[in-house]
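Enquirer: Sharing start-v1.csv, CSV, C-alpha atoms:
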```csv
chain,number,residue,atom,x,y,z
U,1,MET,CA,117.2,134.4,112.4
U,2,GLU,CA,119.2,131.4,111.3
U,3,PRO,CA,118.0,129.2,108.4
U,4,HIS,CA,117.7,126.2,110.7
U,5,ASP,CA,115.3,128.3,112.9
U,6,ILE,CA,113.2,129.5,110.0
U,7,ILE,CA,112.4,126.0,108.6
U,8,PRO,CA,110.9,124.7,111.9
U,9,LEU,CA,108.8,127.9,112.2
U,10,VAL,CA,107.4,127.7,108.7
U,11,SER,CA,106.9,124.0,108.9
U,12,GLY,CA,105.2,124.2,112.3
U,13,SER,CA,102.8,127.0,111.1
U,14,LEU,CA,101.8,125.0,108.0
U,15,VAL,CA,101.2,121.8,110.0
U,16,MET,CA,99.1,123.6,112.6
U,17,LEU,CA,97.0,125.2,109.8
U,18,ALA,CA,96.5,121.7,108.3
U,19,ASP,CA,95.7,120.2,111.7
U,20,LEU,CA,93.0,122.8,112.5
U,21,THR,CA,91.5,122.7,109.1
U,22,ALA,CA,91.3,118.9,109.0
U,23,PHE,CA,89.9,118.9,112.6
U,24,ALA,CA,87.2,121.5,111.7
U,25,LEU,CA,86.2,120.0,108.3
U,26,ILE,CA,86.1,116.3,109.4
U,27,MET,CA,84.3,117.2,112.7
U,28,ARG,CA,81.7,119.0,110.6
U,29,ILE,CA,81.2,115.8,108.6
U,30,TYR,CA,80.8,113.8,111.8
U,31,LEU,CA,78.3,116.2,113.3
U,32,ARG,CA,76.2,116.0,110.1
U,33,HIS,CA,76.4,112.3,109.4
U,34,ARG,CA,77.5,110.7,112.8
U,35,ARG,CA,80.0,108.3,111.4
U,36,LYS,CA,82.2,107.4,114.4
U,37,SER,CA,85.3,107.0,112.2
U,38,ALA,CA,85.1,110.7,111.3
U,39,LEU,CA,85.0,111.6,115.0
U,40,PHE,CA,88.2,109.7,115.8
U,41,PHE,CA,90.0,111.1,112.7
U,42,SER,CA,88.9,114.6,113.6
U,43,VAL,CA,90.1,114.5,117.2
U,44,ALA,CA,93.3,112.9,116.0
U,45,TRP,CA,94.2,116.2,114.2
U,46,LEU,CA,93.4,118.2,117.3
U,47,ALA,CA,95.9,116.0,119.2
U,48,ASP,CA,98.5,116.6,116.5
U,49,PHE,CA,97.9,120.4,116.8
U,50,VAL,CA,98.5,120.2,120.5
U,51,MET,CA,101.7,118.2,119.9
U,52,VAL,CA,103.1,120.9,117.5
U,53,VAL,CA,102.2,123.8,119.8
U,54,LEU,CA,103.8,122.2,122.8
U,55,SER,CA,106.9,120.9,121.1
U,56,ALA,CA,108.1,124.5,120.6
U,57,SER,CA,108.3,124.9,124.4
U,58,GLN,CA,111.6,124.7,126.4
U,59,ASN,CA,109.7,123.3,129.4
U,60,GLN,CA,110.4,119.6,130.0
U,61,VAL,CA,106.9,118.9,131.3
U,62,LEU,CA,105.3,120.5,128.3
U,63,LEU,CA,107.6,118.6,126.0
U,64,GLY,CA,106.6,115.4,127.7
U,65,VAL,CA,102.9,116.3,127.1
U,66,ALA,CA,103.8,117.0,123.4
U,67,GLU,CA,105.3,113.5,123.1
U,68,LEU,CA,102.2,112.0,124.8
U,69,SER,CA,100.0,114.0,122.3
U,70,LEU,CA,101.8,112.3,119.4
U,71,THR,CA,101.0,108.9,120.7
U,72,VAL,CA,97.3,110.0,121.2
U,73,PHE,CA,97.3,111.1,117.6
U,74,ALA,CA,98.6,107.7,116.5
U,75,ALA,CA,96.1,105.8,118.7
U,76,LEU,CA,93.1,107.8,117.3
U,77,ILE,CA,94.2,107.3,113.7
U,78,PHE,CA,94.5,103.5,114.5
U,79,VAL,CA,91.0,103.4,116.2
U,80,GLY,CA,89.5,105.5,113.4
U,81,SER,CA,90.9,103.1,110.8
U,82,THR,CA,89.5,100.0,112.5
U,83,LYS,CA,86.1,101.8,113.0
U,84,LEU,CA,86.0,102.6,109.3
U,85,LEU,CA,86.6,99.0,108.4
U,86,GLU,CA,83.8,98.0,110.8
U,87,GLU,CA,81.4,100.6,109.3
U,88,GLU,CA,82.2,99.3,105.8
U,89,SER,CA,81.8,95.6,106.9
U,90,ILE,CA,85.3,94.8,105.9
U,91,PRO,CA,86.8,92.1,108.2
U,92,ILE,CA,90.4,92.5,109.4
U,93,PRO,CA,92.4,89.6,107.9
U,94,HIS,CA,93.6,87.2,110.6
U,95,SER,CA,97.1,87.3,108.9
U,96,THR,CA,97.2,91.0,109.6
U,97,LEU,CA,96.4,90.6,113.3
U,98,LYS,CA,98.9,87.8,113.6
U,99,ASN,CA,101.7,89.9,112.0
U,100,MET,CA,101.0,92.7,114.5
U,101,GLY,CA,102.5,90.4,117.2
U,102,ILE,CA,105.9,91.4,115.9
U,103,ILE,CA,105.4,95.0,117.1
U,104,ALA,CA,106.4,94.3,120.7
U,105,PRO,CA,109.9,92.9,120.0
U,106,THR,CA,110.5,95.2,117.1
U,107,PHE,CA,109.7,98.2,119.3
U,108,TYR,CA,112.2,97.1,122.0
U,109,CYS,CA,114.9,96.6,119.4
U,110,PHE,CA,114.1,100.1,117.9
U,111,VAL,CA,114.4,101.9,121.3
U,112,TYR,CA,117.7,100.0,122.0
U,113,LEU,CA,119.0,101.0,118.5
U,114,VAL,CA,118.1,104.7,119.2
U,115,TYR,CA,120.0,104.5,122.5
U,116,ARG,CA,123.1,102.9,120.9
U,117,LEU,CA,123.2,105.4,118.0
U,118,THR,CA,122.5,108.5,120.0
U,119,GLU,CA,124.2,107.5,123.2
U,120,ASN,CA,121.6,109.6,124.9
U,121,PRO,CA,119.4,107.5,127.3
U,122,ASP,CA,117.0,110.4,128.1
U,123,TRP,CA,116.3,110.9,124.4
U,124,ALA,CA,115.9,107.2,123.8
U,125,LEU,CA,113.4,106.8,126.7
U,126,THR,CA,111.3,109.9,125.8
U,127,ALA,CA,111.4,110.9,122.1
U,128,GLY,CA,112.6,107.4,121.0
U,129,VAL,CA,109.7,105.7,122.8
U,130,SER,CA,107.1,108.3,121.6
U,131,LEU,CA,108.2,108.3,118.0
U,132,GLY,CA,108.6,104.5,118.0
U,133,VAL,CA,105.1,103.7,119.4
U,134,SER,CA,103.5,106.4,117.2
U,135,GLY,CA,105.3,105.2,114.1
U,136,ALA,CA,104.3,101.6,114.7
U,137,PHE,CA,100.6,102.4,115.2
U,138,VAL,CA,100.4,104.9,112.3
U,139,PHE,CA,102.1,102.4,110.0
U,140,ALA,CA,99.7,99.7,111.1
U,141,SER,CA,96.7,102.0,110.5
U,142,GLY,CA,97.8,102.4,106.9
U,143,LEU,CA,98.1,98.7,106.4
U,144,LEU,CA,94.6,98.2,107.8
U,145,LEU,CA,93.1,100.8,105.4
U,146,ARG,CA,94.5,99.0,102.3
U,147,PRO,CA,91.2,97.1,101.6
U,148,ILE,CA,89.0,100.3,101.5
U,149,GLU,CA,90.7,101.2,98.2
U,150,GLU,CA,88.1,99.0,96.5
U,151,ILE,CA,85.4,101.3,97.8
U,152,TYR,CA,87.0,104.8,97.9
U,153,LYS,CA,89.4,104.4,95.0
U,154,ARG,CA,91.9,107.2,94.6
U,155,PRO,CA,91.3,109.1,97.9
U,156,ALA,CA,91.9,105.8,99.8
U,157,ARG,CA,95.0,105.1,97.8
U,158,ILE,CA,96.5,108.5,98.6
U,159,LEU,CA,95.5,108.2,102.2
U,160,TYR,CA,97.0,104.7,102.5
U,161,TRP,CA,100.4,105.8,101.2
U,162,SER,CA,100.4,109.1,103.2
U,163,ILE,CA,99.7,107.2,106.5
U,164,VAL,CA,102.3,104.4,105.8
U,165,LEU,CA,105.0,106.9,104.8
U,166,PHE,CA,104.2,109.1,107.8
U,167,GLY,CA,104.6,106.2,110.1
U,168,LEU,CA,107.9,105.2,108.5
U,169,HIS,CA,109.3,108.8,108.6
U,170,LEU,CA,109.1,108.8,112.4
U,171,ILE,CA,111.9,106.2,112.5
U,172,PRO,CA,114.7,108.4,111.2
U,173,ALA,CA,113.2,111.3,113.2
U,174,ALA,CA,114.0,109.3,116.4
U,175,ILE,CA,117.5,108.3,115.2
U,176,PHE,CA,118.7,111.6,113.8
U,177,GLY,CA,116.4,114.1,115.6
U,178,LEU,CA,119.3,115.4,117.7
U,179,TYR,CA,121.4,116.4,114.7
U,180,ILE,CA,121.1,119.9,113.2
U,181,TRP,CA,121.6,118.7,109.7
U,182,TYR,CA,118.5,116.5,109.9
U,183,LEU,CA,116.1,119.2,111.1
U,184,PRO,CA,115.3,120.7,107.7
U,185,ILE,CA,114.9,117.2,106.2
U,186,GLY,CA,112.7,116.0,109.0
U,187,PHE,CA,110.5,119.1,109.2
U,188,THR,CA,110.0,119.1,105.4
U,189,LEU,CA,109.0,115.5,105.3
U,190,SER,CA,106.7,115.9,108.3
U,191,THR,CA,105.0,118.9,106.7
U,192,ILE,CA,104.5,117.3,103.3
U,193,LEU,CA,103.1,114.0,104.8
U,194,THR,CA,100.9,115.7,107.4
U,195,ILE,CA,99.3,118.0,104.7
U,196,SER,CA,98.9,115.0,102.4
U,197,MET,CA,97.3,112.9,105.2
U,198,ALA,CA,95.0,115.7,106.3
U,199,TYR,CA,93.8,116.5,102.7
U,200,SER,CA,93.3,112.9,101.6
U,201,MET,CA,91.5,112.1,104.8
U,202,TYR,CA,89.1,115.0,104.3
U,203,ARG,CA,88.7,113.9,100.6
U,204,LEU,CA,87.8,110.4,101.7
U,205,THR,CA,85.3,111.4,104.4
U,206,SER,CA,83.6,113.9,102.0
U,207,THR,CA,83.0,111.3,99.2
U,208,ARG,CA,79.5,110.2,98.3
U,209,GLU,CA,80.5,106.6,99.3
U,210,PHE,CA,81.4,107.7,102.9
U,211,LEU,CA,78.4,110.1,103.3
U,212,ASP,CA,75.9,107.5,101.8
U,213,GLY,CA,76.9,105.1,104.5
U,214,SER,CA,75.6,107.3,107.2
U,215,GLY,CA,72.6,109.4,108.2
U,216,GLU,CA,69.0,108.3,108.2
U,217,ILE,CA,68.3,105.1,106.2
U,218,LYS,CA,64.8,103.9,105.6
U,219,ALA,CA,64.3,100.4,107.0
U,220,PRO,CA,62.8,98.1,104.4
U,221,LYS,CA,59.3,96.9,105.0
U,222,ILE,CA,60.1,93.3,104.4
U,223,HIS,CA,59.7,89.9,106.1
U,224,HIS,CA,62.5,89.1,108.7
U,225,GLY,CA,64.2,85.8,108.4
U,226,THR,CA,64.9,83.9,105.3
U,227,ILE,CA,63.2,84.3,101.9
U,228,ILE,CA,63.6,82.1,98.8
U,229,VAL,CA,62.4,83.9,95.7
U,230,SER,CA,62.6,83.5,91.9
U,231,PRO,CA,64.4,86.1,89.8
U,232,LYS,CA,60.9,87.4,88.7
U,233,GLU,CA,59.7,87.7,92.3
U,234,PHE,CA,63.0,89.4,93.3
U,235,GLN,CA,62.3,92.1,90.7
U,236,SER,CA,59.2,93.1,92.6
U,237,LEU,CA,61.1,93.3,95.9
U,238,LEU,CA,63.7,95.7,94.6
U,239,GLN,CA,61.5,98.8,95.1
U,240,LYS,CA,61.1,97.9,98.8
U,241,LEU,CA,64.9,97.7,99.1
U,242,GLU,CA,65.5,101.2,97.7
U,243,ASN,CA,67.7,103.2,100.1
U,244,ALA,CA,67.9,100.1,102.4
U,245,PRO,CA,71.2,99.0,103.9
U,246,VAL,CA,71.7,96.0,101.7
U,247,LEU,CA,74.7,93.6,101.5
U,248,ALA,CA,74.6,91.7,98.2
U,249,PHE,CA,76.6,88.8,96.8
U,250,LEU,CA,75.7,88.9,93.1
U,251,ARG,CA,76.4,87.4,89.8
U,252,ASP,CA,74.0,89.7,88.0
U,253,LEU,CA,75.1,93.3,88.7
U,254,LYS,CA,72.0,94.8,87.2
U,255,TYR,CA,70.3,94.1,90.6
U,256,ALA,CA,72.9,96.2,92.5
U,257,GLY,CA,71.1,99.2,94.0
U,258,LYS,CA,72.5,102.6,94.8
U,259,GLY,CA,74.3,102.6,98.1
U,260,TRP,CA,74.4,98.8,98.4
U,261,LYS,CA,77.5,97.0,99.6
U,262,THR,CA,77.8,94.8,96.5
U,263,TYR,CA,80.3,92.0,96.1
U,264,PHE,CA,80.6,90.4,92.6
U,265,VAL,CA,81.2,86.6,93.0
U,266,THR,CA,83.7,85.5,90.4
U,267,ALA,CA,86.6,83.2,89.9
U,268,VAL,CA,88.4,85.9,87.9
U,269,PRO,CA,88.9,89.0,90.2
U,270,PHE,CA,88.8,92.4,88.5
U,271,ARG,CA,88.2,96.0,89.5
U,272,LYS,CA,84.8,97.6,88.8
U,273,GLU,CA,83.3,100.9,89.8
U,274,ASN,CA,80.3,101.0,92.2
U,275,ILE,CA,81.0,97.7,93.8
U,276,SER,CA,82.7,96.9,97.1
U,277,GLY,CA,84.9,94.2,95.7
U,278,THR,CA,85.0,90.7,94.2
U,279,LEU,CA,84.9,87.4,96.0
U,280,ASN,CA,86.0,83.9,94.9
U,281,PRO,CA,83.1,81.5,94.9
U,282,THR,CA,85.1,79.0,97.0
U,283,ASP,CA,85.6,81.6,99.8
U,284,LEU,CA,82.4,80.9,101.7
U,285,ALA,CA,84.1,81.6,105.0
U,286,LYS,CA,84.9,85.2,103.9
U,287,MET,CA,81.3,85.7,102.7
U,288,THR,CA,80.1,84.6,106.1
U,289,GLU,CA,82.6,86.9,107.9
U,290,ILE,CA,81.6,89.9,105.8
U,291,ALA,CA,77.9,89.2,106.4
U,292,PHE,CA,78.5,88.9,110.1
U,293,GLN,CA,80.3,92.2,110.3
U,294,TYR,CA,77.6,93.9,108.2
U,295,LEU,CA,74.8,92.5,110.4
U,296,GLU,CA,76.6,93.5,113.5
U,297,GLU,CA,76.8,97.1,112.3
U,298,THR,CA,73.2,97.3,111.1
U,299,SER,CA,72.0,95.8,114.4
U,300,ARG,CA,74.1,98.3,116.4
U,301,ARG,CA,72.5,101.2,114.4
U,302,GLY,CA,69.0,99.8,115.0
U,303,ILE,CA,68.4,99.0,111.3
U,304,PRO,CA,67.4,95.6,110.0
U,305,GLY,CA,70.1,94.4,107.6
U,306,VAL,CA,69.3,92.6,104.3
U,307,VAL,CA,71.7,90.0,102.8
U,308,ILE,CA,71.0,89.0,99.2
U,309,ILE,CA,72.6,86.0,97.4
U,310,ASP,CA,71.7,85.5,93.7
U,311,CYS,CA,74.6,83.2,92.9
U,312,LEU,CA,73.7,79.8,94.4
U,313,GLU,CA,73.9,78.0,91.1
U,314,TYR,CA,77.4,79.5,90.5
U,315,LEU,CA,78.5,78.6,94.1
U,316,SER,CA,77.4,75.0,93.5
U,317,MET,CA,79.9,74.7,90.6
U,318,TYR,CA,82.8,75.3,92.9
U,319,ASN,CA,81.6,73.9,96.2
U,320,SER,CA,80.0,70.7,97.4
U,321,TRP,CA,76.3,70.9,98.2
U,322,ASP,CA,77.0,70.0,101.8
U,323,SER,CA,79.4,72.9,102.1
U,324,ILE,CA,76.8,75.3,100.6
U,325,MET,CA,74.1,74.0,103.0
U,326,LYS,CA,76.4,74.6,106.0
U,327,PHE,CA,77.2,78.1,104.7
U,328,LEU,CA,73.5,79.0,104.3
U,329,SER,CA,72.6,77.4,107.6
U,330,LYS,CA,75.2,79.6,109.4
U,331,LEU,CA,74.0,82.7,107.5
U,332,ARG,CA,70.4,81.9,108.5
U,333,ASP,CA,71.3,81.7,112.2
U,334,ILE,CA,73.2,85.0,112.1
U,335,VAL,CA,70.3,86.7,110.3
U,336,MET,CA,67.9,85.4,112.9
U,337,VAL,CA,70.0,86.5,115.8
U,338,LYS,CA,70.6,90.0,114.3
U,339,GLY,CA,66.9,90.5,113.3
U,340,GLY,CA,67.8,90.8,109.6
U,341,THR,CA,66.7,89.2,106.3
U,342,LEU,CA,68.4,86.7,104.0
U,343,ILE,CA,67.0,86.8,100.5
U,344,LEU,CA,68.1,83.8,98.3
U,345,VAL,CA,67.4,84.4,94.6
U,346,ILE,CA,67.2,81.2,92.7
U,347,ASP,CA,65.4,79.7,89.7
U,348,LYS,CA,64.0,76.4,91.0
U,349,ASN,CA,64.5,74.8,87.6
U,350,SER,CA,68.3,75.4,87.8
U,351,ILE,CA,68.8,72.7,90.4
U,352,GLU,CA,67.4,69.3,91.1
U,353,GLU,CA,64.0,69.3,92.8
U,354,ARG,CA,65.3,67.1,95.6
U,355,LEU,CA,68.0,69.7,96.4
U,356,PHE,CA,65.6,72.6,96.1
U,357,ASN,CA,63.2,71.0,98.6
U,358,GLN,CA,66.1,70.3,100.9
U,359,LEU,CA,67.0,74.0,100.6
U,360,ARG,CA,63.5,75.1,101.5
U,361,LYS,CA,63.3,72.7,104.4
U,362,LEU,CA,66.6,74.1,105.8
U,363,LEU,CA,65.9,77.8,105.4
U,364,GLU,CA,62.2,78.4,105.4
```
In structure tokens, write the structure found in this file.

Expert:
Amino acid sequence: MEPHDIIPLVSGSLVMLADLTAFALIMRIYLRHRRKSALFFSVAWLADFVMVVLSASQNQVLLGVAELSLTVFAALIFVGSTKLLEEESIPIPHSTLKNMGIIAPTFYCFVYLVYRLTENPDWALTAGVSLGVSGAFVFASGLLLRPIEEIYKRPARILYWSIVLFGLHLIPAAIFGLYIWYLPIGFTLSTILTISMAYSMYRLTSTREFLDGSGEIKAPKIHHGTIIVSPKEFQSLLQKLENAPVLAFLRDLKYAGKGWKTYFVTAVPFRKENISGTLNPTDLAKMTEIAFQYLEETSRRGIPGVVIIDCLEYLSMYNSWDSIMKFLSKLRDIVMVKGGTLILVIDKNSIEERLFNQLRKLLE
């Protein structure tokens, strides 16, 4: 057997083993914890397994199915990534969605480039299209997953780079895939990146952060709607919120409960363990968007969501009072529609009595 025949055989065997292992382990996590993102990720590896098996065939029909399976793999990775963001109440930045508009003309240029370089129209319209579409969507999936690094730390970072590089490596595969000299390079890259993606995806879906965001969660026995409480009164509420699906925008992190989605509101961003991220006090729109996504998810799961804000005084240092009132009014409306609870923790002596009364009139 020639060396250029051995490398694809060994590479294919390793990739199929990684595919089946990732499929089985991540599917097991889905069956136990019912997080939809795990389901999409798991089935994606099964599609990749089918692609590898069929790509060894000499039958043109089966080769076409193999190329289709690759695009299915890319689509499932993309859907799984967006679902994970939804589950973690992380909004997709509008700038990211806007930039995705460039995919269509870029894809056309890529296929044309493959045709010009290979001078093989059949290859350009089959493998070129399949690899181009798949590469674009896998690369986009990696970009979408960048924000989850704040929650999942190192596993998310490794997964992000593995997915991005896997998407990029499909570009030279389409351009040089017909050349014998490229086969050992392409198969080696594919094997390393596939194993890295599979392993890091399993690592992420088996973390405490991922598993704590699923399963049965006790609904808090608490008044629905809007509640204004003092710091002392809030202390007595904390026991009721234990194991509840809470979204908190805090200045005092001692309040942060285990399993909460906690954002530290600060003008000086920094990294800290056990919180979902930091938010600038002027970014009221982003706070509203995060709360909306969170309440959408809790409502879909049949769980009353709880949004906590303990930083009103801090927000008033960076925003006008009218802006804060509009922000809170919008939050109140979202909470009412979604059947959740908004808890505003504030010391009434920290703001003017007139403003405090206005606040109570608006919210309660």

Enquirer: Write out as an MDAnalysis selection string which residues come within 9 Å of Thr118 (chain U) when counting all atoms listed in the file, dropping same-chain ones fewer than 6 positions away.

Expert: chainID U and resid 124 175:176 178

Enquirer: Each residue of region 49-127 of chain U lying at most 7 Å from region 23-44 of chain U should get a row with its shortest atom-to-atom pair and the distance in Å to one decimal, counting all atoms listed in the file; could you produce that, ordered by chain and increasing number, as a tab-separated table?

Expert:
```
residue	atom	partner	partner_atom	distance
U:Phe73	CA	U:Ala44	CA	4.7
U:Leu76	CA	U:Ala44	CA	5.3
U:Ile77	CA	U:Phe41	CA	5.8
U:Val79	CA	U:Phe40	CA	6.9
U:Gly80	CA	U:Ser37	CA	4.6
U:Ser81	CA	U:Ser37	CA	7.0
U:Lys83	CA	U:Ser37	CA	5.3
U:Leu84	CA	U:Ser37	CA	5.3
```

Enquirer: Do you know which residues lie at most 12 Å from (77.7, 74.4, 103.2), with coordinates as in the file and only C-alpha atoms counted, and could you write them as a list in words?

Expert: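 The residues that fall inside the cut-off are Thr282, Asp283, Leu284, Ala285, Met287, Thr288, Leu312, Leu315, Ser316, Tyr318, Asn319, Ser320, Trp321, Asp322, Ser323, Ile324, Met325, Lys326, Phe327, Leu328, Ser329, Lys330, Leu331, Arg332, Leu359 and Leu362 of chain U.
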
Enquirer: Could you please determine the separation between CA of Ile343 (chain U) and CA of Gln293 (chain U) in Å, to one decimal place?

Expert: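 Separation of CA of Ile343 (chain U) and CA of Gln293 (chain U): 17.4 Å.
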
Enquirer: Could you please determine the separation between CA of Val111 (chain U) and CA of Gly186 (chain U) in Å, to one decimal place?

Expert: 18.8 Å

Enquirer: Quick one: residues within 8 Å of region 196-210 of chain U, only C-alpha atoms counted, chain neighbours fewer than 4 positions away excluded, as a list in words?

Expert: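 Surrounding residues, per the criterion: Ala18, Asp19, Ala22, Leu25, Ile26, Ile29, Ala38, Trp45, Ile151, Tyr152, Pro155, Ala156, Ile158, Leu159, Ser162, Ile163, Ile192, Ser214 and Gly259 of chain U.
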
Enquirer: Which one of U:Ile334, U:Ala173, U:Val307, U:Leu344 sits closest to Val114 (chain U) if you count only C-alpha atoms?

Expert: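 Going through U:Ile334, U:Ala173, U:Val307, U:Leu344 one by one, the smallest distance to Val114 (chain U) is for U:Ala173.
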
Enquirer: Give me, as a list of chain:residue names, all polymer residues having an atom no more than 10 Å from region 102-106 of chain U, counting all atoms listed in the file and skipping those fewer than 6 positions away in the same chain.

Expert: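 Counting only the stated atoms, we get U:Tyr112, U:Gly132, U:Val133, U:Ala136, U:Phe137, U:Ala140.
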
Enquirer: Using all atoms listed in the file, pick whichever of U:Gly302, U:Gly257, U:Gly225, U:Gly277 has the shortest atom-to-atom distance to Leu363 (chain U).

Expert: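 Closest residue, counting all atoms listed in the file: U:Gly225.
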
Enquirer: Could you state the separation of CA of Thr278 (chain U) and CA of Asn349 (chain U) in Å, given to one decimal place?

Expert: 26.8 Å

Enquirer: Would you list the contacts of Trp260 (chain U) as a PyMOL selection string, taking every protein, DNA or RNA residue within 9 Å and counting all atoms listed in the file, but skipping same-chain residues closer than 3 positions in sequence?

Expert: chain U and resi 243-248+256-257+274-276

Enquirer: With all atoms listed in the file as the basis for distance, which of U:Ile185, U:Ile228, U:Leu342, U:Val164 is at the shortest distance from Ser134 (chain U)?

Expert: U:Val164

Enquirer: Go through U:Val15, U:Ile227, U:Val53, U:Val138 one by one, measure the shortest atom-to-atom distance of each to Asp310 (chain U) using all atoms listed in the file, and give the residue with the smallest value.

Expert: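 Among the listed residues, U:Ile227 lies closest to Asp310 (chain U).
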
Enquirer: What would the list of residues within 10 Å of (91.5, 96.3, 101.1) (file frame) look like as a list in words, if all atoms listed in the file are what count?

Expert: Leu85, Ile90, Pro91, Ile92, Pro93, Leu143, Leu144, Leu145, Arg146, Pro147, Ile148, Glu149, Glu150, Ile151, Ala156, Ser276 and Gly277 of chain U

Enquirer: Add whatever atoms are absent from region 192-212 of chain U to reach N, CA and C atoms, and provide the output as a tab-separated table (two decimals), in the coordinates of the input.

Expert:
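Once everything was written out, this is out.tsv:
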```tsv
chain	number	residue	atom	x	y	z
U	192	ILE	N	105.06	117.83	104.55
U	192	ILE	CA	104.50	117.30	103.30
U	192	ILE	C	103.51	116.14	103.62
U	193	LEU	N	103.96	115.21	104.47
U	193	LEU	CA	103.10	114.00	104.80
U	193	LEU	C	101.92	114.38	105.61
U	194	THR	N	102.07	115.34	106.54
U	194	THR	CA	100.90	115.70	107.40
U	194	THR	C	99.86	116.39	106.49
U	195	ILE	N	100.26	117.31	105.61
U	195	ILE	CA	99.30	118.00	104.70
U	195	ILE	C	98.64	116.95	103.79
U	196	SER	N	99.43	116.01	103.29
U	196	SER	CA	98.90	115.00	102.40
U	196	SER	C	97.88	114.10	103.15
U	197	MET	N	98.21	113.70	104.39
U	197	MET	CA	97.30	112.90	105.20
U	197	MET	C	95.99	113.65	105.47
U	198	ALA	N	96.12	114.91	105.90
U	198	ALA	CA	95.00	115.70	106.30
U	198	ALA	C	94.04	115.91	105.05
U	199	TYR	N	94.64	116.25	103.91
U	199	TYR	CA	93.80	116.50	102.70
U	199	TYR	C	93.15	115.24	102.21
U	200	SER	N	93.91	114.14	102.13
U	200	SER	CA	93.30	112.90	101.60
U	200	SER	C	92.27	112.35	102.57
U	201	MET	N	92.45	112.55	103.87
U	201	MET	CA	91.50	112.10	104.80
U	201	MET	C	90.16	112.87	104.69
U	202	TYR	N	90.30	114.18	104.49
U	202	TYR	CA	89.10	115.00	104.30
U	202	TYR	C	88.42	114.58	102.94
U	203	ARG	N	89.22	114.36	101.91
U	203	ARG	CA	88.70	113.90	100.60
U	203	ARG	C	87.88	112.65	100.77
U	204	LEU	N	88.44	111.68	101.51
U	204	LEU	CA	87.80	110.40	101.70
U	204	LEU	C	86.46	110.55	102.46
U	205	THR	N	86.51	111.30	103.56
U	205	THR	CA	85.30	111.40	104.40
U	205	THR	C	84.25	112.32	103.79
U	206	SER	N	84.57	113.01	102.71
U	206	SER	CA	83.60	113.90	102.00
U	206	SER	C	83.07	113.22	100.75
U	207	THR	N	83.49	111.98	100.45
U	207	THR	CA	83.00	111.30	99.20
U	207	THR	C	81.58	110.86	99.41
U	208	ARG	N	80.92	110.64	98.28
U	208	ARG	CA	79.50	110.20	98.30
U	208	ARG	C	79.46	108.80	99.00
U	209	GLU	N	80.47	107.93	98.75
U	209	GLU	CA	80.50	106.60	99.30
U	209	GLU	C	80.50	106.67	100.87
U	210	PHE	N	81.28	107.61	101.42
U	210	PHE	CA	81.40	107.70	102.90
U	210	PHE	C	80.08	108.33	103.43
U	211	LEU	N	79.56	109.38	102.79
U	211	LEU	CA	78.40	110.10	103.30
U	211	LEU	C	77.11	109.22	103.11
U	212	ASP	N	77.06	108.40	102.04
U	212	ASP	CA	75.90	107.50	101.80
U	212	ASP	C	75.82	106.44	102.86
```
